[in-house]
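Below: work-v1.cif (mmCIF, C-alpha atoms)
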```cif
data_start
loop_
_atom_site.label_atom_id
_atom_site.label_comp_id
_atom_site.auth_asym_id
_atom_site.auth_seq_id
_atom_site.Cartn_x
_atom_site.Cartn_y
_atom_site.Cartn_z
CA MET Z 166 77.21 135.21 98.83
CA THR Z 167 78.94 132.00 97.79
CA ALA Z 168 75.69 130.51 96.51
CA LEU Z 169 75.08 133.63 94.42
CA LEU Z 170 78.54 133.40 92.86
CA VAL Z 171 78.05 129.69 92.12
CA LEU Z 172 74.72 130.43 90.41
CA ILE Z 173 76.27 133.19 88.31
CA ALA Z 174 79.21 130.96 87.35
CA ALA Z 175 77.01 127.95 86.54
CA ASN Z 176 74.34 129.88 84.63
CA PRO Z 177 76.00 129.61 81.18
CA TYR Z 178 76.10 125.82 81.46
CA PHE Z 179 72.32 125.66 81.86
CA GLN Z 180 71.65 127.79 78.79
CA ARG Z 181 71.29 126.09 75.43
CA GLU Z 182 73.11 128.77 73.49
CA HIS Z 183 76.85 129.10 72.95
CA ILE Z 184 78.87 129.52 76.17
CA LEU Z 185 80.54 132.93 76.00
CA GLY Z 186 82.19 133.04 79.42
CA GLY Z 187 81.79 134.86 82.70
CA LEU Z 188 82.22 138.37 81.36
CA SER Z 189 79.18 137.99 79.13
CA GLU Z 190 77.12 137.62 82.31
CA LEU Z 191 78.22 141.08 83.41
CA ARG Z 192 77.24 142.44 80.00
CA ALA Z 193 73.83 140.77 80.29
CA LEU Z 194 73.25 142.36 83.71
CA GLY Z 195 73.83 145.86 82.39
CA THR Z 196 76.36 148.52 83.26
CA ILE Z 197 74.87 149.86 86.48
CA THR Z 198 74.07 146.43 87.91
CA SER Z 199 77.54 145.15 87.00
CA VAL Z 200 79.22 148.12 88.68
CA LEU Z 201 77.08 147.63 91.80
CA LEU Z 202 77.91 143.92 91.85
CA ILE Z 203 81.64 144.62 91.56
CA ILE Z 204 81.46 147.26 94.32
CA ALA Z 205 79.55 144.84 96.56
CA PHE Z 206 82.20 142.19 95.90
CA PHE Z 207 85.04 144.50 96.94
CA ILE Z 208 83.10 145.64 100.02
CA ALA Z 209 82.68 141.98 101.00
CA ILE Z 210 86.43 141.48 100.58
CA ALA Z 211 87.10 144.56 102.73
CA PHE Z 212 84.86 143.21 105.50
CA TYR Z 213 86.60 139.85 105.28
CA CYS Z 214 90.04 141.46 105.57
CA ARG Z 215 88.91 143.60 108.50
CA THR Z 216 87.50 140.56 110.29
CA LEU Z 217 90.67 138.57 109.62
CA TYR Z 218 92.82 141.43 110.93
CA THR Z 219 90.67 141.75 114.07
CA THR Z 220 90.85 138.00 114.66
CA LEU Z 221 94.63 137.96 114.25
CA GLU Z 222 94.96 140.85 116.71
CA MET Z 223 93.16 138.77 119.33
CA ILE Z 224 95.72 135.97 119.00
CA ARG Z 225 98.95 136.56 120.84
CA SER Z 226 101.94 136.73 118.52
CA GLU Z 227 103.72 133.80 120.21
CA ASN Z 228 100.67 131.60 119.47
CA ARG Z 229 100.56 132.40 115.77
#
```
Translate this structure into structure tokens?
Amino acid sequence: MTALLVLIAANPYFQREHILGGLSELRALGTITSVLLIIAFFIAIAFYCRTLYTTLEMIRSENR
């Protein structure tokens, strides 16, 4: 996932045209693909938060 985000962020720097910014990449992907990418991003964040919460529950509160 991190490699994909790095590629998306670095893509404008490898193009020879004017750099428009990160939001132009979403426009270039199209509406449906952009929405799916944003949903996938928030799902990944939800899984991260759930894993963090589960991990913190395993640690006794006096050891935190």
Exercise. How many Å separate atom CA of Z:Val171 from atom CA of Z:Ser189?
Worked result: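 Taking atom CA of Z:Val171 as the start and atom CA of Z:Ser189 as the end point, the length is 15.5 Å.
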Seminar exercise, completed: As a check of understanding: the span from atom CA of Z:Ala193 to atom CA of Z:Leu169 is 15.9 Å
Problem set entry | Between atom CA of Z:Tyr213 and atom CA of Z:Met166, distance in Å (one decimal) |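 Between atom CA of Z:Tyr213 and atom CA of Z:Met166 the gap is 12.3 Å.
Distances here use all atoms listed in the file; by that measure, the residue among Z:Glu190, Z:Ser226, Z:Phe206, Z:Thr196 closest to Z:Thr167 is Z:Phe206.
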